[in-house]
$ cat model19.txt   # compact mmCIF, C-alpha atoms
# COMPACT_ATOMS: atom_id res chain seq x y z
CA MET W 1 0.00 0.00 0.00
CA ALA W 2 2.80 2.37 0.94
CA ARG W 3 4.60 1.75 -2.31
CA ARG W 4 1.47 2.35 -4.40
CA LEU W 5 0.72 5.60 -2.57
CA ARG W 6 4.28 6.73 -3.15
CA GLU W 7 4.02 5.92 -6.86
CA GLU W 8 0.81 7.93 -7.11
CA PHE W 9 2.48 10.82 -5.31
CA ASN W 10 5.44 10.65 -7.71
CA ASP W 11 3.07 10.62 -10.70
CA GLN W 12 0.69 13.35 -9.60
CA ALA W 13 2.50 15.71 -7.24
CA MET W 14 6.18 15.62 -8.12
CA PRO W 15 5.77 16.89 -11.73
CA HIS W 16 4.74 20.28 -10.27
CA VAL W 17 7.98 20.81 -8.36
CA ALA W 18 9.61 22.96 -11.05
CA ALA W 19 6.59 25.28 -11.36
CA LEU W 20 6.27 25.45 -7.59
CA LEU W 21 9.94 26.37 -7.35
CA ARG W 22 9.53 29.20 -9.85
CA THR W 23 6.54 30.58 -7.93
CA ALA W 24 8.27 30.11 -4.61
CA THR W 25 11.33 31.97 -5.88
CA ARG W 26 9.11 34.94 -6.68
CA LEU W 27 7.36 34.72 -3.32
CA CYS W 28 10.52 34.35 -1.23
CA GLY W 29 12.95 36.40 -3.27
CA SER W 30 15.76 33.88 -2.93
CA ARG W 31 16.39 30.48 -4.47
CA ASP W 32 17.54 28.91 -1.19
CA GLN W 33 14.43 29.96 0.69
CA ALA W 34 12.28 28.91 -2.26
CA GLU W 35 13.78 25.42 -2.26
CA ASP W 36 13.13 25.07 1.46
CA LEU W 37 9.58 26.26 0.93
CA VAL W 38 8.95 23.80 -1.92
CA GLN W 39 10.46 20.96 0.10
CA GLU W 40 8.23 21.82 3.04
CA THR W 41 5.27 22.01 0.66
CA CYS W 42 5.99 18.56 -0.77
CA LEU W 43 6.48 17.01 2.65
CA GLN W 44 3.20 18.49 3.82
CA ALA W 45 1.51 17.23 0.65
CA TRP W 46 2.96 13.76 1.20
CA ARG W 47 1.73 13.66 4.81
CA SER W 48 -1.76 14.61 3.60
CA PHE W 49 -1.72 12.66 0.34
CA HIS W 50 -3.96 9.90 1.70
CA ARG W 51 -6.67 12.57 1.93
CA PHE W 52 -6.14 13.79 -1.64
CA GLU W 53 -9.03 12.72 -3.85
CA PRO W 54 -7.79 11.13 -7.08
CA GLY W 55 -9.18 12.89 -10.12
CA THR W 56 -9.24 16.32 -8.47
CA ASN W 57 -6.77 19.05 -9.33
CA CYS W 58 -3.42 18.13 -7.83
CA ARG W 59 -1.72 21.26 -9.17
CA ALA W 60 -4.18 23.57 -7.40
CA TRP W 61 -3.87 21.46 -4.25
CA MET W 62 -0.07 21.75 -4.31
CA TYR W 63 -0.26 25.51 -4.86
CA LYS W 64 -2.67 25.82 -1.98
CA ILE W 65 -0.20 24.08 0.31
CA LEU W 66 2.62 26.25 -1.07
CA ILE W 67 0.73 29.49 -0.42
CA PHE W 68 -0.34 28.29 3.02
CA SER W 69 3.21 27.25 3.93
CA HIS W 70 4.57 30.55 2.68
CA ALA W 71 1.99 32.53 4.67
CA ARG W 72 2.85 30.54 7.80
CA LEU W 73 6.56 31.08 7.19
CA ARG W 74 5.99 34.80 6.85
CA ARG W 75 3.82 34.91 9.95
CA ASP W 76 6.52 33.12 11.89
CA GLN W 77 9.19 35.45 10.56
CA SER W 78 7.50 38.79 10.83
CA ARG W 79 4.42 38.22 13.00
CA ARG W 80 2.60 40.14 10.32
CA PRO W 81 -0.56 39.01 8.59
CA PHE W 82 0.00 37.95 4.99
CA VAL W 83 -2.89 39.96 3.59
CA THR W 84 -2.96 43.58 4.57
CA ASP W 85 -5.44 46.15 3.33
CA ILE W 86 -5.04 45.29 -0.31
CA GLU W 87 -8.77 44.98 -0.92
CA THR W 88 -9.08 48.71 -0.22
CA ALA W 89 -6.33 49.88 -2.57
CA ASP W 90 -6.78 53.48 -3.69
CA GLU W 91 -10.03 53.41 -5.67
CA SER W 92 -9.39 56.81 -7.25
CA VAL W 93 -6.22 55.45 -8.79
CA LEU W 94 -8.01 52.35 -10.02
CA LEU W 95 -10.60 54.40 -11.90
CA PHE W 96 -7.82 55.17 -14.35
CA ASP W 97 -7.15 52.33 -16.80
CA PRO W 98 -4.45 53.46 -19.18
CA PRO W 99 -3.58 51.63 -22.38
CA THR W 100 -0.58 49.35 -22.34
CA PRO W 101 2.54 51.12 -23.59
CA ASP W 102 4.04 49.85 -26.83
CA THR W 103 7.56 50.20 -25.55
CA LEU W 104 7.83 47.31 -23.11
CA THR W 105 10.71 45.17 -21.98
CA ALA W 106 10.90 42.22 -19.65
CA GLN W 107 12.74 44.49 -17.24
CA SER W 108 9.98 47.11 -17.26
CA MET W 109 7.33 44.41 -16.79
CA ARG W 110 9.22 43.06 -13.79
CA ALA W 111 9.51 46.51 -12.30
CA ALA W 112 5.76 47.07 -12.73
CA PHE W 113 5.01 43.68 -11.25
CA ASP W 114 7.22 44.33 -8.23
CA ALA W 115 5.52 47.68 -7.67
CA ILE W 116 2.02 46.31 -6.97
CA PRO W 117 0.77 45.12 -3.56
CA GLU W 118 1.71 41.59 -2.65
CA ALA W 119 -1.75 40.00 -2.70
CA PHE W 120 -2.34 41.37 -6.22
CA ARG W 121 1.13 40.21 -7.18
CA VAL W 122 0.42 36.67 -6.01
CA ALA W 123 -2.83 36.54 -7.98
CA VAL W 124 -1.10 37.82 -11.15
CA LEU W 125 1.78 35.41 -10.58
CA LEU W 126 -0.49 32.38 -10.29
CA VAL W 127 -2.74 33.22 -13.24
CA ASP W 128 -0.74 35.27 -15.74
CA VAL W 129 2.66 33.67 -15.14
CA GLU W 130 1.96 30.14 -13.93
CA GLY W 131 -1.19 29.70 -15.98
CA LEU W 132 -3.54 28.60 -13.22
CA THR W 133 -7.21 29.07 -13.95
CA TYR W 134 -9.19 31.54 -11.87
CA ARG W 135 -10.78 28.60 -10.06
CA GLU W 136 -7.40 26.99 -9.32
CA ALA W 137 -5.98 30.28 -8.07
CA ALA W 138 -9.04 30.80 -5.86
CA ASP W 139 -8.56 27.30 -4.42
CA ALA W 140 -4.85 27.87 -3.93
CA LEU W 141 -5.41 31.14 -2.08
CA ASP W 142 -8.51 29.84 -0.32
CA VAL W 143 -10.62 32.82 -1.40
CA PRO W 144 -13.81 33.09 -3.47
CA ILE W 145 -13.32 33.23 -7.22
CA GLY W 146 -14.78 36.76 -7.22
CA THR W 147 -11.94 37.87 -4.96
CA ILE W 148 -9.40 36.44 -7.37
CA MET W 149 -11.02 38.24 -10.30
CA SER W 150 -11.03 41.47 -8.33
CA ARG W 151 -7.37 41.12 -7.33
CA LEU W 152 -6.38 40.29 -10.90
CA ASN W 153 -8.29 43.24 -12.28
CA ARG W 154 -6.70 45.63 -9.81
CA GLY W 155 -3.26 44.10 -10.07
CA ARG W 156 -3.19 44.22 -13.87
CA ARG W 157 -4.51 47.75 -13.90
CA LEU W 158 -1.94 48.91 -11.33
CA MET W 159 0.76 47.33 -13.45
CA ARG W 160 -0.43 49.25 -16.50
CA ILE W 161 -0.38 52.46 -14.45
CA ALA W 162 3.16 51.68 -13.33
CA LEU W 163 4.15 51.04 -16.95
CA VAL W 164 2.66 54.35 -18.04
CA ASP W 165 4.56 56.12 -15.27
CA GLN W 166 7.75 54.47 -16.46
CA ALA W 167 6.99 55.50 -20.04
CA ALA W 168 6.32 59.08 -18.93
CA ASP W 169 9.73 59.08 -17.25
CA TYR W 170 11.10 58.41 -20.72
CA GLY W 171 8.96 61.24 -22.18
CA ILE W 172 6.41 58.94 -23.84
CA ASP W 173 2.75 60.03 -23.76
CA VAL W 174 0.88 56.75 -23.69
CA ALA W 175 -2.58 58.30 -23.90
CA ALA W 176 -1.57 60.19 -27.02
CA ALA W 177 -0.14 57.02 -28.47
CA ASP W 178 -3.43 55.25 -27.79
CA ARG W 179 -5.36 58.03 -29.49
CA LYS W 180 -3.00 57.68 -32.42
CA ARG W 181 -3.85 53.95 -32.62
CA GLN W 182 -7.48 54.86 -33.13
CA VAL W 183 -6.77 57.11 -36.09
CA MET C 1 -23.89 44.43 -34.93
CA THR C 2 -26.66 44.01 -32.35
CA ASN C 3 -25.77 44.09 -28.66
CA ALA C 4 -22.23 45.06 -29.66
CA ILE C 5 -19.92 45.86 -26.77
CA ASP C 6 -17.93 49.08 -26.75
CA CYS C 7 -14.19 49.67 -26.33
CA ARG C 8 -14.47 50.18 -22.55
CA GLN C 9 -16.27 46.87 -22.09
CA VAL C 10 -13.84 45.06 -24.37
CA ARG C 11 -10.88 46.32 -22.38
CA GLU C 12 -12.54 45.10 -19.19
CA LEU C 13 -12.79 41.65 -20.72
CA MET C 14 -9.46 41.60 -22.49
CA ASP C 15 -7.33 40.03 -19.74
CA SER C 16 -9.91 37.32 -19.07
CA TYR C 17 -9.96 36.68 -22.80
CA LEU C 18 -6.19 36.15 -22.73
CA SER C 19 -6.64 33.79 -19.77
CA SER C 20 -9.33 31.83 -21.66
CA GLU C 21 -11.78 32.56 -18.85
CA LEU C 22 -14.61 34.07 -20.90
CA THR C 23 -17.81 32.36 -21.90
CA VAL C 24 -18.07 31.42 -25.56
CA GLU C 25 -20.46 34.30 -26.10
CA SER C 26 -18.22 36.93 -24.50
CA ASN C 27 -15.28 35.49 -26.35
CA HIS C 28 -17.05 36.04 -29.64
CA ASP C 29 -18.03 39.57 -28.61
CA VAL C 30 -14.38 40.43 -27.95
CA LEU C 31 -13.20 38.85 -31.18
CA ARG C 32 -15.90 40.58 -33.25
CA HIS C 33 -14.98 43.92 -31.67
CA VAL C 34 -11.23 43.70 -32.17
CA GLU C 35 -11.76 42.70 -35.78
CA ARG C 36 -13.33 46.11 -36.40
CA CYS C 37 -11.43 48.25 -33.84
CA ASP C 38 -7.77 49.03 -34.56
CA ALA C 39 -7.15 50.56 -31.14
CA CYS C 40 -8.52 47.60 -29.21
CA ARG C 41 -6.73 45.19 -31.53
CA ALA C 42 -3.49 47.03 -30.80
CA GLU C 43 -4.28 47.07 -27.06
CA LEU C 44 -5.00 43.32 -27.09
CA ALA C 45 -1.70 42.66 -28.85
CA ALA C 46 0.09 44.93 -26.36
CA ARG C 47 -1.40 43.11 -23.38
CA GLU C 48 -0.54 39.74 -24.88
CA ARG C 49 3.01 40.91 -25.40
CA ALA C 50 3.13 42.37 -21.89
CA ARG C 51 2.09 39.03 -20.44
CA ALA C 52 4.71 37.19 -22.48
CA LEU C 53 7.36 39.65 -21.31
CA LEU C 54 6.29 39.22 -17.71
CA ILE C 55 6.72 35.46 -18.03
CA GLU C 56 10.05 36.04 -19.76
CA SER C 57 11.15 38.29 -16.92
CA PHE C 58 11.08 35.30 -14.57
CA GLY C 59 13.55 33.48 -16.76
CA PRO C 60 13.30 29.87 -17.83
CA ALA C 61 11.80 27.27 -15.50
CA PRO C 62 14.47 26.39 -12.95
CA ASP C 63 16.14 23.02 -13.11
CA ALA C 64 14.45 21.26 -10.25
CA ARG C 65 16.04 17.83 -10.62
CA VAL C 66 18.38 18.27 -7.66
CA LEU C 67 15.52 19.59 -5.56
CA GLU C 68 13.29 16.69 -6.61
CA ALA C 69 15.93 14.22 -5.47
CA ARG C 70 16.29 16.11 -2.17
CA ILE C 71 12.52 16.01 -1.67
CA SER C 72 12.38 12.28 -2.39
CA GLU C 73 15.03 11.66 0.24
CA ALA C 74 13.19 13.88 2.71
CA ILE C 75 9.95 11.98 2.09
CA ASP C 76 11.74 8.67 2.68
CA ARG C 77 13.01 9.99 6.00
CA ALA C 78 9.59 11.40 6.87
CA GLN C 79 7.71 8.11 6.51
CA PRO C 80 5.33 7.93 9.46
CA ARG C 81 6.96 6.16 12.39
CA TRP C 82 4.13 3.64 12.65
CA TRP C 83 4.60 2.89 8.98
CA ARG C 84 8.28 2.17 9.41
CA LEU C 85 7.55 0.15 12.53
CA ALA C 86 4.87 -1.74 10.62
CA GLY C 87 7.45 -2.46 7.94
CA TYR C 88 9.98 -3.67 10.48
CA GLY C 89 7.20 -5.51 12.32
CA SER C 90 6.18 -7.38 9.18
CA VAL C 91 9.75 -8.50 8.59
CA ALA C 92 10.14 -9.49 12.24
CA ALA C 93 6.84 -11.38 12.22
CA MET C 94 7.84 -13.20 9.05
CA LEU C 95 11.20 -14.16 10.52
CA ALA C 96 9.54 -15.32 13.75
CA LEU C 97 7.08 -17.39 11.73
CA VAL C 98 9.84 -19.02 9.68
CA VAL C 99 11.93 -19.73 12.80
CA GLY C 100 8.86 -20.96 14.68
CA LEU C 101 7.82 -23.30 11.88
CA GLY C 102 11.38 -24.54 11.59
CA VAL C 103 11.56 -25.29 15.31
CA TRP C 104 8.11 -26.86 15.30
CA PHE C 105 8.80 -29.13 12.34
CA SER C 106 12.24 -30.05 13.67
CA ARG C 107 10.72 -31.44 16.88
CA PRO C 108 10.30 -35.21 17.14
CA VAL C 109 6.85 -36.61 16.44
CA ASP C 110 4.95 -38.48 19.15
CA ALA C 111 3.55 -40.99 16.68
CA ALA C 112 1.73 -43.10 19.31
CA ALA C 113 0.03 -40.16 21.03
CA PHE C 114 -3.46 -40.78 19.63
CA ASP C 115 -3.26 -44.58 19.83
CA ASP C 116 -2.13 -44.52 23.45
CA SER C 117 -4.98 -42.20 24.42
CA VAL C 118 -7.49 -44.64 22.92
CA ASP C 119 -5.82 -47.63 24.50
CA ASN C 120 -5.80 -45.91 27.89
CA HIS C 121 -9.48 -45.04 27.52
CA ILE C 122 -10.21 -48.74 26.96
CA ALA C 123 -7.89 -49.80 29.76
CA CYS C 124 -9.04 -47.28 32.34
CA ALA C 125 -12.29 -45.44 31.67
CA LEU C 126 -14.22 -48.48 30.51
CA THR C 127 -13.43 -50.24 33.77
CA LEU C 128 -15.05 -47.49 35.82
CA PRO C 129 -18.08 -48.84 37.75
CA PRO C 130 -21.28 -47.79 35.93
CA ASP C 131 -22.69 -46.23 39.12
CA ALA C 132 -19.56 -44.20 39.96
CA ILE C 133 -20.28 -40.61 40.86
CA TYR C 134 -17.98 -37.63 41.36
CA ASP C 135 -16.33 -37.85 44.79
CA PRO C 136 -14.24 -34.77 45.62
CA ARG C 137 -12.26 -36.56 48.33
CA ARG C 138 -11.37 -39.47 46.06
CA VAL C 139 -10.45 -37.07 43.28
CA GLU C 140 -8.27 -34.99 45.61
CA GLN C 141 -6.40 -38.12 46.71
CA SER C 142 -6.05 -39.39 43.13
CA LEU C 143 -4.54 -36.27 41.55
CA ALA C 144 -0.80 -35.67 41.66
CA PRO C 145 1.25 -32.52 41.09
CA PRO C 146 1.01 -30.44 39.03
CA TYR C 147 -2.60 -31.34 38.30
CA GLN C 148 -4.22 -31.03 41.77
CA ASN C 149 -6.23 -27.97 40.81
CA ILE C 150 -7.47 -29.17 37.45
CA VAL C 151 -10.98 -29.95 38.76
CA ASN C 152 -11.28 -26.37 39.98
CA VAL C 153 -10.73 -25.09 36.44
CA VAL C 154 -12.30 -27.50 33.96
CA VAL C 155 -16.03 -27.74 33.30
CA HIS C 156 -17.91 -30.31 35.38
CA GLN C 157 -20.74 -30.52 32.88
CA SER C 158 -20.86 -30.05 29.12
CA GLY C 159 -24.08 -30.81 27.30
CA GLU C 160 -25.33 -34.13 28.64
CA TYR C 161 -21.87 -35.11 29.85
CA GLU C 162 -20.97 -34.86 33.50
CA LEU C 163 -17.57 -35.16 35.17
CA VAL C 164 -17.50 -38.37 37.24
CA ASP C 165 -13.81 -38.87 37.93
CA ALA C 166 -10.37 -37.27 37.72
CA HIS C 167 -7.08 -38.94 38.57
CA ALA C 168 -3.42 -39.24 37.74
CA CYS C 169 -3.21 -41.99 35.15
CA PRO C 170 0.29 -43.33 34.26
CA TYR C 171 0.18 -45.38 31.07
CA HIS C 172 2.93 -46.61 28.77
CA ASN C 173 5.41 -44.31 30.49
CA ARG C 174 3.09 -41.35 30.04
CA ASP C 175 1.96 -39.23 32.97
CA TYR C 176 -1.61 -38.49 32.00
CA VAL C 177 -4.16 -36.67 34.04
CA HIS C 178 -7.41 -38.39 33.18
CA LEU C 179 -10.87 -36.81 33.38
CA VAL C 180 -13.87 -39.05 32.81
CA TYR C 181 -17.22 -37.65 31.71
CA ARG C 182 -20.40 -39.67 31.39
CA SER C 183 -23.77 -39.29 29.74
CA GLY C 184 -26.01 -42.30 30.49
CA THR C 185 -23.88 -45.29 29.53
CA HIS C 186 -21.59 -43.30 27.23
CA LEU C 187 -18.15 -42.43 28.54
CA VAL C 188 -15.76 -39.80 27.32
CA SER C 189 -12.14 -39.51 28.47
CA VAL C 190 -10.09 -36.36 28.48
CA PHE C 191 -6.37 -36.96 28.77
CA ALA C 192 -3.78 -34.30 29.27
CA GLU C 193 -0.02 -34.74 29.38
CA ALA C 194 3.20 -32.80 28.98
CA ALA C 195 4.40 -32.98 25.37
CA VAL C 196 7.73 -34.52 26.32
CA ARG C 197 7.77 -37.02 23.46
CA GLY C 198 7.39 -34.45 20.73
CA ARG C 199 4.69 -32.80 18.68
CA LEU C 200 1.45 -34.44 17.61
CA PRO C 201 1.55 -36.16 14.23
CA LEU C 202 -0.13 -34.18 11.45
CA ARG C 203 -2.18 -37.23 10.43
CA HIS C 204 -3.46 -40.23 12.33
CA GLU C 205 -6.01 -42.96 11.86
CA PRO C 206 -9.47 -41.43 12.42
CA GLU C 207 -10.70 -44.44 14.36
CA ARG C 208 -8.98 -47.10 16.47
CA LYS C 209 -10.72 -50.10 17.91
CA GLY C 210 -14.04 -48.34 17.42
CA PHE C 211 -12.94 -45.22 19.30
CA VAL C 212 -12.11 -41.76 18.12
CA SER C 213 -9.45 -39.52 19.62
CA THR C 214 -9.48 -35.78 19.04
CA GLY C 215 -6.21 -34.07 19.95
CA ALA C 216 -5.11 -30.54 20.64
CA SER C 217 -1.74 -29.10 21.53
CA THR C 218 -0.82 -25.96 23.47
CA GLY C 219 2.81 -26.36 22.52
CA GLY C 220 4.04 -27.74 25.82
CA GLN C 221 0.96 -29.85 26.56
CA HIS C 222 -1.29 -32.28 24.68
CA VAL C 223 -4.99 -32.83 25.30
CA PHE C 224 -7.10 -35.68 23.86
CA VAL C 225 -10.82 -36.32 23.96
CA VAL C 226 -11.60 -40.00 23.38
CA ALA C 227 -15.09 -41.33 22.76
CA GLU C 228 -16.79 -44.29 21.16
CA GLY C 229 -16.96 -43.77 17.39
CA GLY C 230 -20.68 -44.39 17.02
CA THR C 231 -21.80 -42.34 20.01
CA LYS C 232 -19.30 -39.54 19.85
CA PRO C 233 -20.47 -36.41 21.72
CA PRO C 234 -21.49 -33.46 19.55
CA PRO C 235 -18.66 -31.18 18.38
CA PRO C 236 -19.57 -28.31 20.77
CA VAL C 237 -19.13 -30.68 23.71
CA VAL C 238 -15.78 -31.92 22.39
CA ASP C 239 -14.69 -28.33 21.79
CA GLU C 240 -15.71 -27.25 25.27
CA LEU C 241 -13.92 -30.15 26.92
CA ILE C 242 -10.74 -29.41 24.96
CA ARG C 243 -11.00 -25.68 25.61
CA SER C 244 -11.51 -25.97 29.34
CA THR C 245 -8.70 -28.52 29.73
CA THR C 246 -6.20 -26.66 27.56
CA GLY C 247 -7.12 -23.56 29.57
CA PHE C 248 -5.84 -25.28 32.69
CA MET C 249 -2.81 -26.74 30.90
CA ARG C 250 -1.78 -23.30 29.73
CA THR C 251 -1.63 -22.14 33.33
CA LEU C 252 1.09 -24.72 33.87
CA GLU C 253 3.20 -23.18 31.12
CA ARG C 254 3.30 -19.71 32.72
$ encode --input "model19.txt" --output "structure tokens"
Amino acid sequence: MARRLREEFNDQAMPHVAALLRTATRLCGSRDQAEDLVQETCLQAWRSFHRFEPGTNCRAWMYKILIFSHARLRRDQSRRPFVTDIETADESVLLFDPPTPDTLTAQSMRAAFDAIPEAFRVAVLLVDVEGLTYREAADALDVPIGTIMSRLNRGRRLMRIALVDQAADYGIDVAAADRKRQV
Amino acid sequence: MTNAIDCRQVRELMDSYLSSELTVESNHDVLRHVERCDACRAELAARERARALLIESFGPAPDARVLEARISEAIDRAQPRWWRLAGYGSVAAMLALVVGLGVWFSRPVDAAAFDDSVDNHIACALTLPPDAIYDPRRVEQSLAPPYQNIVNVVVHQSGEYELVDAHACPYHNRDYVHLVYRSGTHLVSVFAEAAVRGRLPLRHEPERKGFVSTGASTGGQHVFVVAEGGTKPPPPVVDELIRSTTGFMRTLER
């Protein structure tokens, strides 16, 4: 029985290690911490694997454990709650939805990504980078799907605002460029 | 286009479109709009490119092979303790079984055990006076160590069979303790002895001289129930007589 369970774990859970490591690296900021986090995630998943229902989404389940383990790690380290007041991000700012600048680089995207609040960043990371569905991301973060959609909407919009600000620093008028597109 | 959505609505839906999270209908609405609208088509392309650049900014997927090996080792070490103990326990139980069977089969066989019990039944129990009744004083004087207390442990009645005598019963160099039960004119003997001559044979003749002997072994002791073949007591009675006698014999092994 033990051997069969281990084989199932190897087949279903272990293929997600690389993706988990990439996400964990973004969450932790360092490769060493990310590896520890992924190892802890996999051990936790293994201890609970007898409760995992075959046929359900193992990837979302693994991400849920990863996010939970990371939140616990952060709580232990900083005694700070993982989610702050992100749901009440400045609404007046969010009313503005600028067009995406044409002049983008990976570096500018990373800078914009790093500039948004963490909870938005995690939602964007899971969906836009790791390719989780909204449902999977909601399961992973243990929030309603509407919350995920809201965080994604705000996170993406804040990133566009950050990109426009960067473009303005380079003297590029994004709004004018957008108007030009419509001509 | 009826019910056409405008640029503001399309831009609200654009990211969900890129994530394949729209309904088929909304998907078509977005596609129909961007076909006609250069600005939204350019915006959609820009967002698609932005997403690709964001993914690119994280670099290629890390090589996780070393980490996977580390995790596998950690899982091996983290096997639940009971699981490991169960694994060790299974091996230990298997070894004990093999050793036990080896020891058991290497013991000598007491080939005459069943025959002697029948012969002693004929020689002793059948000579008991038909009107004999259980006499505690006679029984106390007739029992020898270590069997003095056997009558305090075994059943005195099982079904129609009643204990009428108990005594030390040497026979063919065997030190039996002999219990005699009677139902009407039918007699049943229960013999118990230390298994000093070896284990019971796996097979024996089912009937000898018209009598049947049923044997049981506790390891260090043997117990036999002997009855006439044609009027053998029902199995529950035989079982109860064996069980109550082996129960006493086990107390001698402690």
$ closest_atom_pairs --input "model19.txt" --of "chain W" --to "chain C" --cutoff "7 Å" --atoms "only C-alpha atoms" --output "Markdown table"
| residue | atom | partner | partner_atom | distance |
| --- | --- | --- | --- | --- |
| W:Val17 | CA | C:Ala64 | CA | 6.8 |
| W:Ala18 | CA | C:Ala64 | CA | 5.2 |
| W:Ala19 | CA | C:Ala61 | CA | 6.9 |
| W:Arg22 | CA | C:Ala61 | CA | 6.4 |
| W:Glu35 | CA | C:Leu67 | CA | 6.9 |
| W:Gln39 | CA | C:Ile71 | CA | 5.6 |
| W:Leu43 | CA | C:Ile75 | CA | 6.1 |
| W:Pro99 | CA | C:Glu43 | CA | 6.6 |
| W:Thr100 | CA | C:Ala46 | CA | 6.0 |
| W:Asp102 | CA | C:Ala46 | CA | 6.3 |
| W:Leu104 | CA | C:Ala50 | CA | 6.9 |
| W:Thr105 | CA | C:Leu53 | CA | 6.5 |
| W:Ala106 | CA | C:Leu53 | CA | 4.7 |
| W:Gln107 | CA | C:Ser57 | CA | 6.4 |
| W:Met109 | CA | C:Leu54 | CA | 5.4 |
| W:Arg110 | CA | C:Ser57 | CA | 6.0 |
| W:Asp128 | CA | C:Arg51 | CA | 6.7 |
| W:Val129 | CA | C:Ile55 | CA | 5.3 |
| W:Asp178 | CA | C:Ala39 | CA | 6.9 |
| W:Arg181 | CA | C:Ala39 | CA | 5.0 |
| W:Gln182 | CA | C:Ala39 | CA | 4.7 |
$ atom_distance --input "model19.txt" --atom1 "CA of Gly210 (chain C)" --atom2 "CA of Val118 (chain C)"
9.3 Å
$ residues_around --input "model19.txt" --residues "Ala111 (chain C)" --least-positions-apart "6" --cutoff "12 Å" --atoms "all atoms listed in the file" --output "VMD selection string"
chain C and resid 117 195 197 to 205
$ closest_residue --input "model19.txt" --among "C:Thr245, C:Asn173, C:Asn149, C:Asn120" --to "Val226 (chain C)" --atoms "all atoms listed in the file"
C:Asn120
$ residues_near_point --input "model19.txt" --point "(-12.3, -33.0, 33.0)" --cutoff "10 Å" --atoms "all atoms listed in the file" --output "ChimeraX atom specification"
/C:150-158,162-167,177-181,188-192,225,241-242,244-245
$ residues_near_point --input "model19.txt" --point "(-27.1, -38.2, 28.5)" --cutoff "6 Å" --atoms "all atoms listed in the file" --output "ChimeraX atom specification"
/C:160,183-184
$ residues_around --input "model19.txt" --residues "Glu136 (chain W)" --least-positions-apart "4" --cutoff "8 Å" --atoms "only C-alpha atoms" --output "PyMOL selection string"
chain W and resi 57+60+132+140
$ atom_distance --input "model19.txt" --atom1 "CA of Ser142 (chain C)" --atom2 "CA of Asp175 (chain C)"
12.9 Å
$ closest_residue --input "model19.txt" --among "W:Met62, W:Leu125, W:Ala2, W:Ala112" --to "Ile161 (chain W)" --atoms "only C-alpha atoms"
W:Ala112
$ atom_distance --input "model19.txt" --atom1 "CA of Val66 (chain C)" --atom2 "CA of Leu141 (chain W)"
27.6 Å
$ closest_residue --input "model19.txt" --among "W:Arg51, W:Leu5, W:Cys28, W:Arg59" --to "Arg74 (chain W)" --atoms "all atoms listed in the file"
W:Cys28
$ closest_residue --input "model19.txt" --among "C:Arg77, C:Arg243, C:Ala168, C:Leu97" --to "Pro145 (chain C)" --atoms "only C-alpha atoms"
C:Ala168
$ axis_aligned_box --input "model19.txt" --around "region 166-182 of chain C" --padding-each-side "8 Å" --output "JSON"
{"center_x": -7.5, "center_y": -41.6, "center_z": 33.7, "size_x": 41.8, "size_y": 25.9, "size_z": 25.8}
$ closest_residue --input "model19.txt" --among "W:Leu73, W:Phe49, W:Ala111, W:Thr56" --to "Gln33 (chain W)" --atoms "only C-alpha atoms"
W:Leu73
$ residues_around --input "model19.txt" --residues "Lys64 (chain W)" --least-positions-apart "6" --cutoff "12 Å" --atoms "all atoms listed in the file" --output "PyMOL selection string"
chain W and resi 20+23+38+41-42+44-45+57-58+70-71+122+126+132+135-143
$ build_atoms --input "model19.txt" --residues "region 60-69 of chain W" --atoms "N, CA and C atoms" --output "compact mmCIF listing (two decimals), in the coordinates of the input"
# COMPACT_ATOMS: atom_id res chain seq x y z
N ALA W 60 -3.59 22.56 -8.26
CA ALA W 60 -4.18 23.57 -7.40
C ALA W 60 -3.98 23.21 -5.92
N TRP W 61 -4.06 21.92 -5.64
CA TRP W 61 -3.87 21.46 -4.25
C TRP W 61 -2.45 21.75 -3.78
N MET W 62 -1.47 21.49 -4.67
CA MET W 62 -0.07 21.75 -4.31
C MET W 62 0.17 23.25 -4.12
N TYR W 63 -0.42 24.06 -5.00
CA TYR W 63 -0.26 25.51 -4.86
C TYR W 63 -0.89 26.02 -3.57
N LYS W 64 -2.00 25.41 -3.22
CA LYS W 64 -2.67 25.82 -1.98
C LYS W 64 -1.75 25.56 -0.78
N ILE W 65 -1.11 24.40 -0.78
CA ILE W 65 -0.20 24.08 0.31
C ILE W 65 1.00 25.03 0.29
N LEU W 66 1.48 25.33 -0.94
CA LEU W 66 2.62 26.25 -1.07
C LEU W 66 2.28 27.63 -0.49
N ILE W 67 1.13 28.15 -0.88
CA ILE W 67 0.73 29.49 -0.42
C ILE W 67 0.53 29.47 1.09
N PHE W 68 -0.10 28.40 1.58
CA PHE W 68 -0.34 28.29 3.02
C PHE W 68 0.99 28.22 3.78
N SER W 69 1.91 27.40 3.26
CA SER W 69 3.21 27.25 3.93
C SER W 69 3.97 28.57 3.91
